[in-house]
file protein-v5.cif (mmCIF, C-alpha atoms and all ligand atoms)
data_structure
loop_
_atom_site.label_atom_id
_atom_site.label_comp_id
_atom_site.auth_asym_id
_atom_site.auth_seq_id
_atom_site.Cartn_x
_atom_site.Cartn_y
_atom_site.Cartn_z
CA MET A 1 24.11 3.01 -10.07
CA GLU A 2 20.63 3.82 -11.33
CA LEU A 3 18.00 1.21 -10.64
CA LYS A 4 17.62 0.35 -14.32
CA GLU A 5 21.34 -0.18 -14.84
CA LYS A 6 21.56 -2.27 -11.70
CA VAL A 7 18.74 -4.53 -12.86
CA HIS A 8 20.17 -4.82 -16.36
CA ALA A 9 23.63 -5.72 -15.07
CA ALA A 10 22.11 -8.61 -13.09
CA PHE A 11 19.87 -9.69 -15.99
CA GLU A 12 22.70 -9.69 -18.49
CA GLN A 13 25.06 -11.50 -16.17
CA ARG A 14 22.56 -14.31 -15.50
CA PHE A 15 20.82 -14.60 -18.89
CA GLY A 16 23.31 -13.03 -21.35
CA THR A 17 20.66 -11.11 -23.26
CA ASP A 18 18.34 -8.05 -23.18
CA GLY A 19 14.70 -7.90 -22.08
CA ALA A 20 11.93 -5.33 -21.82
CA PHE A 21 11.69 -3.01 -18.81
CA TYR A 22 8.62 -2.45 -16.64
CA ALA A 23 8.01 -0.63 -13.37
CA SER A 24 5.29 -0.06 -10.86
CA ALA A 25 5.05 2.23 -7.88
CA GLY A 26 4.65 2.20 -4.12
CA ARG A 27 1.84 4.31 -2.71
CA ILE A 28 0.84 6.78 -0.06
CA ASN A 29 -2.68 7.19 1.25
CA LEU A 30 -3.80 10.64 2.37
CA ILE A 31 -6.73 9.27 4.33
CA GLY A 32 -9.07 6.23 4.43
CA GLU A 33 -7.26 3.49 6.32
CA HIS A 34 -8.68 -0.02 6.77
CA THR A 35 -11.74 1.08 4.83
CA ASP A 36 -10.99 -0.75 1.58
CA TYR A 37 -11.96 -4.25 2.73
CA ASN A 38 -15.05 -2.68 4.33
CA GLY A 39 -16.36 -1.42 0.98
CA GLY A 40 -15.52 2.18 1.93
CA PHE A 41 -13.43 4.94 0.34
CA VAL A 42 -9.68 5.39 0.12
CA PHE A 43 -7.61 8.31 -1.16
CA PRO A 44 -4.19 7.07 -2.30
CA GLY A 45 -1.62 8.12 -4.88
CA ALA A 46 1.37 6.37 -6.45
CA ILE A 47 4.83 7.67 -5.52
CA ASP A 48 8.18 8.06 -7.23
CA LYS A 49 9.56 4.90 -5.63
CA VAL A 50 9.22 1.78 -7.73
CA ILE A 51 9.92 -1.87 -8.32
CA LEU A 52 11.59 -2.22 -11.70
CA ALA A 53 11.98 -5.45 -13.69
CA GLU A 54 13.67 -6.57 -16.89
CA ILE A 55 11.81 -9.49 -18.43
CA LYS A 56 12.08 -11.72 -21.49
CA PRO A 57 10.03 -14.78 -22.51
CA ASN A 58 12.36 -17.81 -22.64
CA GLY A 59 10.33 -20.25 -24.76
CA THR A 60 9.99 -22.83 -21.94
CA ASP A 61 7.48 -23.35 -19.14
CA THR A 62 9.94 -22.33 -16.45
CA VAL A 63 10.25 -18.93 -14.81
CA ARG A 64 13.80 -17.93 -13.88
CA LEU A 65 14.04 -15.06 -11.46
CA VAL A 66 16.82 -12.92 -9.96
CA SER A 67 16.12 -10.71 -6.93
CA VAL A 68 18.82 -8.06 -7.22
CA ASP A 69 18.11 -6.56 -3.79
CA PHE A 70 18.54 -9.96 -2.12
CA ASP A 71 22.15 -10.30 -3.27
CA ASN A 72 21.10 -11.54 -6.68
CA ALA A 73 19.27 -14.49 -5.12
CA TYR A 74 18.07 -16.86 -7.84
CA CYS A 75 14.96 -18.99 -8.04
CA GLU A 76 13.23 -20.99 -10.76
CA PHE A 77 9.79 -22.47 -10.79
CA GLY A 78 7.16 -24.03 -13.06
CA LEU A 79 3.70 -22.62 -13.61
CA ARG A 80 1.54 -25.31 -12.03
CA GLU A 81 0.00 -24.85 -8.57
CA GLU A 82 2.31 -27.50 -7.13
CA ASP A 83 5.39 -25.61 -8.37
CA ALA A 84 5.15 -22.88 -5.69
CA PRO A 85 8.66 -21.67 -4.83
CA ALA A 86 9.90 -21.45 -1.23
CA PRO A 87 11.41 -17.92 -1.03
CA SER A 88 8.73 -15.39 -0.13
CA TRP A 89 9.99 -12.83 -2.67
CA ALA A 90 9.46 -15.37 -5.47
CA ARG A 91 5.96 -16.27 -4.27
CA TYR A 92 4.71 -12.80 -5.22
CA VAL A 93 5.72 -13.39 -8.82
CA PHE A 94 4.52 -17.00 -8.80
CA GLY A 95 1.17 -15.82 -7.38
CA VAL A 96 0.74 -13.25 -10.15
CA CYS A 97 1.44 -15.93 -12.79
CA ARG A 98 -1.04 -18.33 -11.19
CA GLU A 99 -3.76 -15.72 -10.80
CA ILE A 100 -3.48 -14.77 -14.48
CA LEU A 101 -3.69 -18.43 -15.48
CA LYS A 102 -6.67 -19.06 -13.18
CA ARG A 103 -8.51 -16.26 -14.96
CA GLY A 104 -7.93 -17.93 -18.33
CA GLY A 105 -5.03 -15.67 -19.29
CA HIS A 106 -1.67 -16.77 -20.72
CA VAL A 107 1.71 -17.05 -19.04
CA HIS A 108 4.71 -18.97 -20.34
CA GLY A 109 8.24 -19.26 -19.07
CA PHE A 110 10.27 -16.08 -18.80
CA ASP A 111 13.53 -14.76 -17.41
CA ALA A 112 13.46 -11.75 -15.12
CA ALA A 113 15.57 -9.66 -12.78
CA PHE A 114 14.06 -7.04 -10.49
CA ALA A 115 14.99 -4.49 -7.85
CA GLY A 116 13.35 -1.57 -6.14
CA ASN A 117 13.70 1.60 -4.14
CA VAL A 118 10.40 1.33 -2.26
CA PRO A 119 11.58 0.92 1.32
CA ASN A 120 10.62 -2.47 2.76
CA GLY A 121 8.32 -2.55 5.79
CA ALA A 122 7.68 1.20 5.65
CA GLY A 123 4.00 0.82 4.81
CA LEU A 124 4.55 2.03 1.24
CA SER A 125 3.42 -1.23 -0.35
CA SER A 126 6.54 -2.57 -1.93
CA SER A 127 4.70 -5.88 -2.34
CA ALA A 128 1.87 -4.28 -4.33
CA ALA A 129 4.49 -2.56 -6.49
CA LEU A 130 6.10 -5.93 -7.19
CA GLU A 131 2.79 -7.62 -8.00
CA SER A 132 1.61 -4.76 -10.20
CA CYS A 133 4.91 -4.58 -12.05
CA PHE A 134 4.71 -8.27 -13.03
CA ALA A 135 0.94 -8.23 -13.65
CA PHE A 136 1.39 -5.30 -16.03
CA ALA A 137 4.41 -6.89 -17.73
CA LEU A 138 2.83 -10.34 -18.21
CA ASN A 139 -0.30 -8.67 -19.60
CA ASP A 140 1.89 -6.91 -22.15
CA LEU A 141 4.14 -9.86 -22.98
CA PHE A 142 1.63 -12.73 -23.11
CA ASN A 143 -1.90 -11.30 -23.23
CA ASP A 144 -1.84 -8.47 -25.82
CA ASN A 145 -2.84 -6.16 -22.94
CA ASN A 146 -6.31 -7.71 -22.92
CA ILE A 147 -6.56 -7.87 -19.14
CA ASP A 148 -8.14 -4.63 -17.91
CA LYS A 149 -6.51 -2.49 -15.26
CA PHE A 150 -8.88 -3.40 -12.43
CA GLU A 151 -8.29 -7.06 -13.13
CA LEU A 152 -4.53 -6.42 -12.92
CA ALA A 153 -5.06 -4.87 -9.47
CA LYS A 154 -7.23 -7.81 -8.42
CA ILE A 155 -4.58 -10.26 -9.63
CA GLY A 156 -2.15 -8.59 -7.19
CA GLN A 157 -4.71 -8.62 -4.39
CA SER A 158 -5.52 -12.32 -4.94
CA THR A 159 -1.79 -13.05 -4.91
CA GLU A 160 -1.66 -11.61 -1.37
CA HIS A 161 -4.71 -13.65 -0.33
CA ASN A 162 -3.77 -16.96 -1.89
CA TYR A 163 0.03 -17.02 -1.85
CA CYS A 164 1.17 -14.61 0.87
CA GLY A 165 -1.40 -15.04 3.66
CA VAL A 166 -2.59 -11.42 3.83
CA ASN A 167 -6.33 -10.78 3.43
CA CYS A 168 -5.73 -7.26 2.13
CA GLY A 169 -8.16 -4.91 0.41
CA ILE A 170 -7.71 -3.47 -3.08
CA MET A 171 -6.17 -0.08 -2.23
CA ASP A 172 -2.47 -0.77 -2.66
CA GLN A 173 -2.68 -2.63 -5.96
CA PHE A 174 -5.23 -0.13 -7.27
CA ALA A 175 -2.91 2.79 -6.46
CA SER A 176 0.07 1.01 -7.94
CA VAL A 177 -1.70 0.21 -11.23
CA PHE A 178 -3.79 3.40 -11.66
CA GLY A 179 -1.40 6.00 -10.22
CA LYS A 180 -1.10 9.26 -12.15
CA LYS A 181 1.53 11.95 -11.77
CA GLY A 182 0.35 14.87 -9.62
CA HIS A 183 -2.97 13.23 -8.74
CA LEU A 184 -4.52 11.47 -5.78
CA MET A 185 -7.37 9.09 -6.47
CA ARG A 186 -10.55 8.60 -4.54
CA LEU A 187 -11.69 5.03 -4.93
CA ASP A 188 -15.06 3.70 -3.87
CA CYS A 189 -13.98 0.19 -2.95
CA ARG A 190 -17.49 -1.18 -3.38
CA SER A 191 -18.42 0.11 -6.85
CA LEU A 192 -14.76 0.61 -7.91
CA GLU A 193 -15.74 4.06 -9.19
CA HIS A 194 -12.74 6.32 -8.97
CA GLU A 195 -11.91 9.93 -9.50
CA TYR A 196 -8.57 11.70 -9.96
CA PHE A 197 -7.93 14.78 -7.81
CA PRO A 198 -5.06 17.10 -8.79
CA PHE A 199 -2.81 17.32 -5.75
CA ASN A 200 -0.64 20.37 -5.55
CA PRO A 201 -1.21 21.92 -2.16
CA GLN A 202 0.07 25.49 -2.35
CA GLY A 203 2.44 26.23 0.52
CA TYR A 204 2.36 22.69 1.96
CA SER A 205 4.34 19.50 1.49
CA LEU A 206 3.71 15.88 2.33
CA VAL A 207 6.54 14.36 4.35
CA LEU A 208 6.86 10.74 5.41
CA VAL A 209 8.69 9.93 8.61
CA ASP A 210 9.70 6.28 8.56
CA SER A 211 10.15 4.93 12.09
CA ARG A 212 12.03 1.94 10.65
CA VAL A 213 10.29 -0.30 13.11
CA LYS A 214 8.09 -3.18 12.08
CA HIS A 215 6.26 -5.09 14.76
CA GLU A 216 5.60 -8.41 13.09
CA LEU A 217 3.02 -9.95 15.35
CA ALA A 218 2.71 -13.69 15.17
CA ASP A 219 -1.06 -13.93 15.09
CA SER A 220 -1.68 -11.98 11.89
CA PRO A 221 -3.28 -8.85 13.40
CA TYR A 222 -4.28 -7.45 10.00
CA ASN A 223 -6.44 -10.48 9.22
CA LYS A 224 -7.88 -10.30 12.74
CA ARG A 225 -8.97 -6.68 12.22
CA ARG A 226 -10.68 -7.67 9.03
CA ALA A 227 -12.41 -10.60 10.75
CA SER A 228 -13.75 -8.25 13.46
CA CYS A 229 -15.28 -5.99 10.82
CA GLU A 230 -16.84 -8.94 8.99
CA ARG A 231 -18.37 -10.26 12.20
CA VAL A 232 -20.00 -6.92 12.98
CA ALA A 233 -21.25 -6.49 9.40
CA ALA A 234 -22.78 -9.98 9.51
CA ARG A 235 -24.40 -9.21 12.86
CA LEU A 236 -25.94 -6.08 11.28
CA GLY A 237 -27.16 -8.11 8.31
CA LEU A 238 -24.86 -6.19 5.94
CA GLU A 239 -22.37 -7.39 3.40
CA THR A 240 -19.77 -4.87 4.60
CA LEU A 241 -19.57 -1.99 7.08
CA ARG A 242 -20.01 0.44 4.18
CA ASP A 243 -23.69 0.88 5.02
CA ALA A 244 -23.34 0.64 8.81
CA THR A 245 -24.28 3.66 10.92
CA GLN A 246 -23.19 4.61 14.41
CA GLU A 247 -26.84 4.24 15.56
CA ALA A 248 -27.12 0.71 14.20
CA LEU A 249 -23.80 -0.17 15.81
CA ASN A 250 -24.89 1.23 19.17
CA ALA A 251 -28.07 -0.82 18.98
CA ILE A 252 -26.06 -4.08 18.97
CA LYS A 253 -23.35 -2.90 21.35
CA GLY A 254 -24.39 -5.34 24.09
CA GLU A 255 -24.26 -8.31 21.71
CA ILE A 256 -20.74 -7.92 20.34
CA THR A 257 -17.36 -7.80 22.04
CA ALA A 258 -16.01 -4.45 23.20
CA GLU A 259 -13.12 -4.95 20.80
CA ASP A 260 -15.34 -5.56 17.76
CA TYR A 261 -17.40 -2.51 18.71
CA LEU A 262 -14.32 -0.26 18.68
CA ARG A 263 -13.09 -1.66 15.35
CA ALA A 264 -16.43 -1.01 13.67
CA LYS A 265 -16.75 2.45 15.24
CA PHE A 266 -13.43 3.45 13.72
CA VAL A 267 -14.43 2.21 10.27
CA ILE A 268 -17.75 4.07 10.33
CA GLU A 269 -16.00 7.31 11.32
CA GLU A 270 -13.15 6.89 8.86
CA LYS A 271 -15.54 6.43 5.95
CA GLU A 272 -16.95 9.90 6.58
CA ARG A 273 -13.53 11.43 7.06
CA VAL A 274 -12.41 10.49 3.54
CA LEU A 275 -15.34 12.32 1.98
CA ALA A 276 -14.78 15.34 4.23
CA VAL A 277 -11.10 15.47 3.26
CA CYS A 278 -11.89 15.30 -0.47
CA ASP A 279 -14.26 18.27 -0.13
CA ALA A 280 -11.78 20.19 2.00
CA LEU A 281 -9.02 19.57 -0.50
CA VAL A 282 -11.09 20.89 -3.39
CA ALA A 283 -11.90 23.98 -1.29
CA GLY A 284 -8.20 24.46 -0.42
CA ASP A 285 -9.07 24.05 3.27
CA TYR A 286 -5.90 22.38 4.50
CA ASP A 287 -6.69 22.97 8.16
CA THR A 288 -9.65 20.62 7.86
CA VAL A 289 -7.58 18.08 5.92
CA GLY A 290 -5.00 18.18 8.70
CA ARG A 291 -7.50 17.94 11.53
CA LYS A 292 -9.04 14.85 9.95
CA MET A 293 -5.60 13.28 9.66
CA TYR A 294 -5.05 13.71 13.39
CA GLU A 295 -8.50 12.23 14.05
CA THR A 296 -7.60 9.22 11.92
CA HIS A 297 -4.41 8.74 13.90
CA ALA A 298 -6.29 8.83 17.20
CA GLY A 299 -8.83 6.29 15.89
CA LEU A 300 -6.16 3.97 14.49
CA SER A 301 -4.27 4.16 17.76
CA LYS A 302 -7.06 3.88 20.34
CA ASP A 303 -9.97 2.14 18.60
CA TYR A 304 -8.45 0.12 15.78
CA GLU A 305 -5.25 -0.50 17.76
CA VAL A 306 -2.85 -0.75 14.85
CA SER A 307 -0.41 1.96 15.98
CA CYS A 308 2.58 1.47 18.25
CA GLU A 309 4.56 3.52 20.72
CA GLU A 310 7.04 4.83 18.17
CA LEU A 311 4.33 6.08 15.79
CA ASP A 312 2.31 7.67 18.58
CA PHE A 313 5.51 9.44 19.61
CA LEU A 314 6.07 10.76 16.06
CA ASN A 315 2.46 11.93 15.96
CA ASP A 316 2.94 13.85 19.22
CA VAL A 317 6.14 15.45 17.93
CA ALA A 318 4.33 16.56 14.77
CA ARG A 319 1.60 18.18 16.81
CA GLU A 320 4.14 19.95 19.02
CA CYS A 321 5.92 21.27 15.92
CA GLY A 322 2.68 22.77 14.58
CA VAL A 323 2.38 20.29 11.69
CA THR A 324 -1.04 20.72 10.05
CA GLY A 325 -1.89 17.00 9.80
CA SER A 326 -0.14 13.80 10.86
CA ARG A 327 -1.09 10.17 11.15
CA ILE A 328 0.14 6.62 10.87
CA MET A 329 -0.14 5.40 7.27
CA GLY A 330 -0.96 1.99 5.82
CA GLY A 331 -1.78 -1.23 7.61
CA GLY A 332 0.00 -0.23 10.84
CA PHE A 333 2.20 -1.96 13.46
CA GLY A 334 5.18 0.15 12.38
CA GLY A 335 6.22 1.95 9.23
CA CYS A 336 5.64 5.65 8.52
CA THR A 337 3.65 8.65 9.57
CA ILE A 338 2.38 10.88 6.78
CA ASN A 339 2.57 14.59 7.57
CA LEU A 340 1.00 17.59 5.89
CA VAL A 341 3.41 20.40 6.73
CA LYS A 342 3.53 24.08 5.91
CA ASP A 343 6.59 24.70 3.76
CA GLU A 344 8.08 27.15 6.24
CA LEU A 345 7.87 24.57 9.05
CA ARG A 346 9.18 21.60 7.10
CA ASP A 347 12.89 21.80 7.87
CA GLN A 348 12.41 22.52 11.55
CA PHE A 349 9.91 19.68 11.87
CA VAL A 350 12.21 17.18 10.12
CA LYS A 351 15.16 18.21 12.28
CA THR A 352 13.15 17.95 15.48
CA ALA A 353 11.54 14.62 14.55
CA ILE A 354 14.92 13.06 13.75
CA ALA A 355 16.59 14.35 16.92
CA ARG A 356 13.78 13.51 19.33
CA PHE A 357 13.14 10.07 17.87
CA ALA A 358 16.84 9.16 17.88
CA GLU A 359 17.19 10.30 21.46
CA ARG A 360 14.26 8.16 22.53
CA TYR A 361 14.65 5.02 20.39
CA GLY A 362 18.35 4.93 19.56
CA HIS A 363 18.05 5.16 15.78
CA GLU A 364 17.10 7.92 13.37
CA PRO A 365 13.89 7.77 11.38
CA LYS A 366 14.15 8.17 7.61
CA ILE A 367 12.52 11.09 5.86
CA TYR A 368 10.92 10.91 2.41
CA ASP A 369 9.38 13.83 0.55
CA VAL A 370 6.36 12.57 -1.33
CA VAL A 371 6.27 13.05 -5.09
CA ILE A 372 2.98 11.81 -6.57
CA SER A 373 3.88 9.88 -9.71
CA ASP A 374 2.71 7.42 -12.36
CA GLY A 375 1.80 3.82 -11.61
CA ALA A 376 2.47 0.63 -13.61
CA ARG A 377 4.15 1.20 -16.97
CA ALA A 378 6.52 -0.08 -19.62
CA LEU A 379 9.77 1.88 -19.66
C1 LIG B 1 -2.58 -2.55 3.87
C2 LIG B 1 -3.50 -3.33 2.92
C3 LIG B 1 -4.54 -2.40 2.28
C4 LIG B 1 -5.27 -1.57 3.32
C5 LIG B 1 -4.27 -0.91 4.28
C6 LIG B 1 -4.94 -0.21 5.41
O1 LIG B 1 -1.80 -1.64 3.15
O2 LIG B 1 -2.76 -3.95 1.92
O3 LIG B 1 -5.46 -3.17 1.52
O4 LIG B 1 -6.22 -2.33 4.01
O5 LIG B 1 -3.36 -1.85 4.82
O6 LIG B 1 -5.69 0.87 4.95
#

call {"tool": "encode", "arguments": {"input": "protein-v5.cif", "output": "structure tokens"}}
result
Amino acid sequence: MELKEKVHAAFEQRFGTDGAFYASAGRINLIGEHTDYNGGFVFPGAIDKVILAEIKPNGTDTVRLVSVDFDNAYCEFGLREEDAPAPSWARYVFGVCREILKRGGHVHGFDAAFAGNVPNGAGLSSSAALESCFAFALNDLFNDNNIDKFELAKIGQSTEHNYCGVNCGIMDQFASVFGKKGHLMRLDCRSLEHEYFPFNPQGYSLVLVDSRVKHELADSPYNKRRASCERVAARLGLETLRDATQEALNAIKGEITAEDYLRAKFVIEEKERVLAVCDALVAGDYDTVGRKMYETHAGLSKDYEVSCEELDFLNDVARECGVTGSRIMGGGFGGCTINLVKDELRDQFVKTAIARFAERYGHEPKIYDVVISDGARAL
């Protein structure tokens, strides 16, 4: 069944009526990882995998929610801070409601059912898609679309910070809200200036190889990476690492931990790589784009230490297959590699990656061809 029909069947069964449909997208990021919360640049695009919701105001102050993908799990909650629901999937929606209210916006009770085809835990930001879908919908249903698009992205980001325990940057929610078919977007995460780049690499495709492993580490490694960067920035007298240079970092090397040094070194290098990739893309120089992707992988693996054995293995296989560029994508600790592959090599690469990975780890990775698509929208 199509996603929309599936959601409607659940909505109708629970609420016996019809609502309005909204969707928002997962994202890829060509390059610029862990740069967003450092005030740097990112280069994401929305993809053709979405979270889709049917929603209708219900005239009360209670939200009633069905998660179709969780066996039609049901949850209801009020809109005050103390009404936070227990299930984590419902907290994303609760957080979006609360963040709109905290900003002086309007939210009243509504009924909703939602489902998605953004794979969970693959590093494609299914949570940002969920937040952006509801932020967009509640703006339309209760706020006459008066909340601007950046604020919608920030509402999603604050939901992660305040209701889900992840100190994320703005990239995922930005990509999910602003995504445009056929375009990547370069975002300056400090000024929020952004530019759309048509993305239609002649003779190449983007392929995601999803390892289907997720190493959930107990001590919140993402937040720890961010804390390292903030410590080094503070030590340099800067607000973020955006303005840090390798020289300045070397000058304080003896005063910070070896670990913090490596984290900051990666961020400083990655910032430059995004700009280099944008230029290379405009010039049609895919070899440079690819080389930078491999450099990012090496930095994320050795200096930032957010890769894992399975993703390093996939990166090696890509290199052996002659793939132009390959790297771990997203926050890390599992999920996908993103691969820039010549069309004539694609099938052989996919076949080899599946076979070699399965032989080594006992399960096949999943393959997704990337289609750059629109972000948050009413359907
Ligand atoms: C996660 C976060 C983003 C970003 C990436 C790493 O996806 O949500 O804000 O920091 O990791 O680039």

call {"tool": "closest_residue", "arguments": {"input": "protein-v5.cif", "among": "A:Asn58, A:Ser127, A:Asn146, A:Ser205", "to": "Ile100 of chain A", "atoms": "all atoms listed in the file"}}
result
A:Asn146

call {"tool": "closest_residue", "arguments": {"input": "protein-v5.cif", "among": "A:Glu320, A:Glu131, A:Glu160, A:Glu193", "to": "Val50 of chain A", "atoms": "only C-alpha atoms"}}
result
A:Glu131

call {"tool": "residues_near_point", "arguments": {"input": "protein-v5.cif", "point": "(3.4, -5.1, 11.1)", "cutoff": "9 Å", "atoms": "only C-alpha atoms", "output": "list in words"}}
result
Gly121, Gly123, Val213, Lys214, His215, Glu216, Leu217, Ser220, Pro221, Tyr222, Val306, Gly331, Gly332, Phe333, Gly334 and Gly335 of chain A

call {"tool": "atom_distance", "arguments": {"input": "protein-v5.cif", "atom1": "atom CA of Cys308 of chain A", "atom2": "atom CA of Thr245 of chain A"}}
result
27.9 Å

call {"tool": "closest_atom_pairs", "arguments": {"input": "protein-v5.cif", "of": "chain A", "to": "ligand LIG 1 (chain B)", "cutoff": "7 Å", "atoms": "all atoms listed in the file", "output": "CSV"}}
result
residue,atom,partner,partner_atom,distance
A:Gly32,CA,B:LIG1,O6,6.4
A:Glu33,CA,B:LIG1,O6,3.3
A:His34,CA,B:LIG1,O6,3.6
A:Thr35,CA,B:LIG1,O6,6.1
A:Asp36,CA,B:LIG1,O4,5.6
A:Tyr37,CA,B:LIG1,O4,6.2
A:Gly123,CA,B:LIG1,O1,6.5
A:Ser125,CA,B:LIG1,O1,6.3
A:Cys168,CA,B:LIG1,O3,4.1
A:Gly169,CA,B:LIG1,O3,3.4
A:Ile170,CA,B:LIG1,O3,5.1
A:Met171,CA,B:LIG1,O3,4.9
A:Asp172,CA,B:LIG1,O2,5.6
A:Gly330,CA,B:LIG1,C6,4.6
A:Gly331,CA,B:LIG1,O5,3.3

call {"tool": "closest_residue", "arguments": {"input": "protein-v5.cif", "among": "A:Arg91, A:His194, A:Arg80, A:Lys366", "to": "Pro44 of chain A", "atoms": "only C-alpha atoms"}}
result
A:His194

call {"tool": "closest_residue", "arguments": {"input": "protein-v5.cif", "among": "A:Arg319, A:Asn38, A:Glu247, A:Leu300", "to": "Cys229 of chain A", "atoms": "only C-alpha atoms"}}
result
A:Asn38

call {"tool": "atom_distance", "arguments": {"input": "protein-v5.cif", "atom1": "atom CA of Phe70 of chain A", "atom2": "atom CA of Phe114 of chain A"}}
result
9.9 Å

call {"tool": "closest_residue", "arguments": {"input": "protein-v5.cif", "among": "A:Arg346, A:Lys224, A:Lys102, A:Arg64", "to": "Glu81 of chain A", "atoms": "all atoms listed in the file"}}
result
A:Lys102

call {"tool": "closest_residue", "arguments": {"input": "protein-v5.cif", "among": "A:Glu99, A:Gln13, A:Tyr368, A:Gly19", "to": "Asn72 of chain A", "atoms": "all atoms listed in the file"}}
result
A:Gln13

call {"tool": "build_atoms", "arguments": {"input": "protein-v5.cif", "residues": "segment 187-206 of chain A", "atoms": "N, CA and C atoms", "output": "PDB file, in the frame of the given file"}}
result
ATOM      1  N   LEU A 187     -11.102   6.280  -4.432  1.00  0.00           N
ATOM      2  CA  LEU A 187     -11.690   5.030  -4.930  1.00  0.00           C
ATOM      3  C   LEU A 187     -12.824   4.613  -4.004  1.00  0.00           C
ATOM      4  N   ASP A 188     -13.962   4.325  -4.596  1.00  0.00           N
ATOM      5  CA  ASP A 188     -15.060   3.700  -3.870  1.00  0.00           C
ATOM      6  C   ASP A 188     -14.812   2.197  -3.985  1.00  0.00           C
ATOM      7  N   CYS A 189     -14.435   1.584  -2.879  1.00  0.00           N
ATOM      8  CA  CYS A 189     -13.980   0.190  -2.950  1.00  0.00           C
ATOM      9  C   CYS A 189     -15.146  -0.795  -3.144  1.00  0.00           C
ATOM     10  N   ARG A 190     -16.367  -0.295  -3.086  1.00  0.00           N
ATOM     11  CA  ARG A 190     -17.490  -1.180  -3.380  1.00  0.00           C
ATOM     12  C   ARG A 190     -17.819  -1.166  -4.875  1.00  0.00           C
ATOM     13  N   SER A 191     -18.024   0.042  -5.429  1.00  0.00           N
ATOM     14  CA  SER A 191     -18.420   0.110  -6.850  1.00  0.00           C
ATOM     15  C   SER A 191     -17.189   0.142  -7.766  1.00  0.00           C
ATOM     16  N   LEU A 192     -16.015   0.402  -7.188  1.00  0.00           N
ATOM     17  CA  LEU A 192     -14.760   0.610  -7.910  1.00  0.00           C
ATOM     18  C   LEU A 192     -14.777   1.886  -8.759  1.00  0.00           C
ATOM     19  N   GLU A 193     -15.771   2.745  -8.541  1.00  0.00           N
ATOM     20  CA  GLU A 193     -15.740   4.060  -9.190  1.00  0.00           C
ATOM     21  C   GLU A 193     -14.557   4.837  -8.621  1.00  0.00           C
ATOM     22  N   HIS A 194     -13.875   5.565  -9.492  1.00  0.00           N
ATOM     23  CA  HIS A 194     -12.740   6.320  -8.970  1.00  0.00           C
ATOM     24  C   HIS A 194     -12.617   7.651  -9.688  1.00  0.00           C
ATOM     25  N   GLU A 195     -12.018   8.574  -8.981  1.00  0.00           N
ATOM     26  CA  GLU A 195     -11.910   9.930  -9.500  1.00  0.00           C
ATOM     27  C   GLU A 195     -10.514  10.444  -9.196  1.00  0.00           C
ATOM     28  N   TYR A 196      -9.905  11.123 -10.179  1.00  0.00           N
ATOM     29  CA  TYR A 196      -8.570  11.700  -9.960  1.00  0.00           C
ATOM     30  C   TYR A 196      -8.703  13.120  -9.414  1.00  0.00           C
ATOM     31  N   PHE A 197      -7.947  13.438  -8.383  1.00  0.00           N
ATOM     32  CA  PHE A 197      -7.930  14.780  -7.810  1.00  0.00           C
ATOM     33  C   PHE A 197      -6.528  15.355  -7.981  1.00  0.00           C
ATOM     34  N   PRO A 198      -6.392  16.488  -8.693  1.00  0.00           N
ATOM     35  CA  PRO A 198      -5.060  17.100  -8.790  1.00  0.00           C
ATOM     36  C   PRO A 198      -4.572  17.404  -7.366  1.00  0.00           C
ATOM     37  N   PHE A 199      -3.325  17.082  -7.099  1.00  0.00           N
ATOM     38  CA  PHE A 199      -2.810  17.320  -5.750  1.00  0.00           C
ATOM     39  C   PHE A 199      -1.565  18.174  -5.824  1.00  0.00           C
ATOM     40  N   ASN A 200      -1.764  19.443  -5.512  1.00  0.00           N
ATOM     41  CA  ASN A 200      -0.640  20.370  -5.550  1.00  0.00           C
ATOM     42  C   ASN A 200      -0.870  21.429  -4.487  1.00  0.00           C
ATOM     43  N   PRO A 201      -0.813  21.002  -3.216  1.00  0.00           N
ATOM     44  CA  PRO A 201      -1.210  21.920  -2.160  1.00  0.00           C
ATOM     45  C   PRO A 201      -0.243  23.110  -2.063  1.00  0.00           C
ATOM     46  N   GLN A 202      -0.776  24.290  -2.353  1.00  0.00           N
ATOM     47  CA  GLN A 202       0.070  25.490  -2.350  1.00  0.00           C
ATOM     48  C   GLN A 202       0.564  25.785  -0.933  1.00  0.00           C
ATOM     49  N   GLY A 203       1.881  25.844  -0.776  1.00  0.00           N
ATOM     50  CA  GLY A 203       2.440  26.230   0.520  1.00  0.00           C
ATOM     51  C   GLY A 203       2.591  25.079   1.510  1.00  0.00           C
ATOM     52  N   TYR A 204       2.251  23.861   1.067  1.00  0.00           N
ATOM     53  CA  TYR A 204       2.360  22.690   1.960  1.00  0.00           C
ATOM     54  C   TYR A 204       3.135  21.576   1.261  1.00  0.00           C
ATOM     55  N   SER A 205       3.732  20.714   2.058  1.00  0.00           N
ATOM     56  CA  SER A 205       4.340  19.500   1.490  1.00  0.00           C
ATOM     57  C   SER A 205       3.855  18.294   2.290  1.00  0.00           C
ATOM     58  N   LEU A 206       3.957  17.137   1.636  1.00  0.00           N
ATOM     59  CA  LEU A 206       3.710  15.880   2.330  1.00  0.00           C
ATOM     60  C   LEU A 206       5.063  15.259   2.654  1.00  0.00           C
TER      61      LEU A 206
END
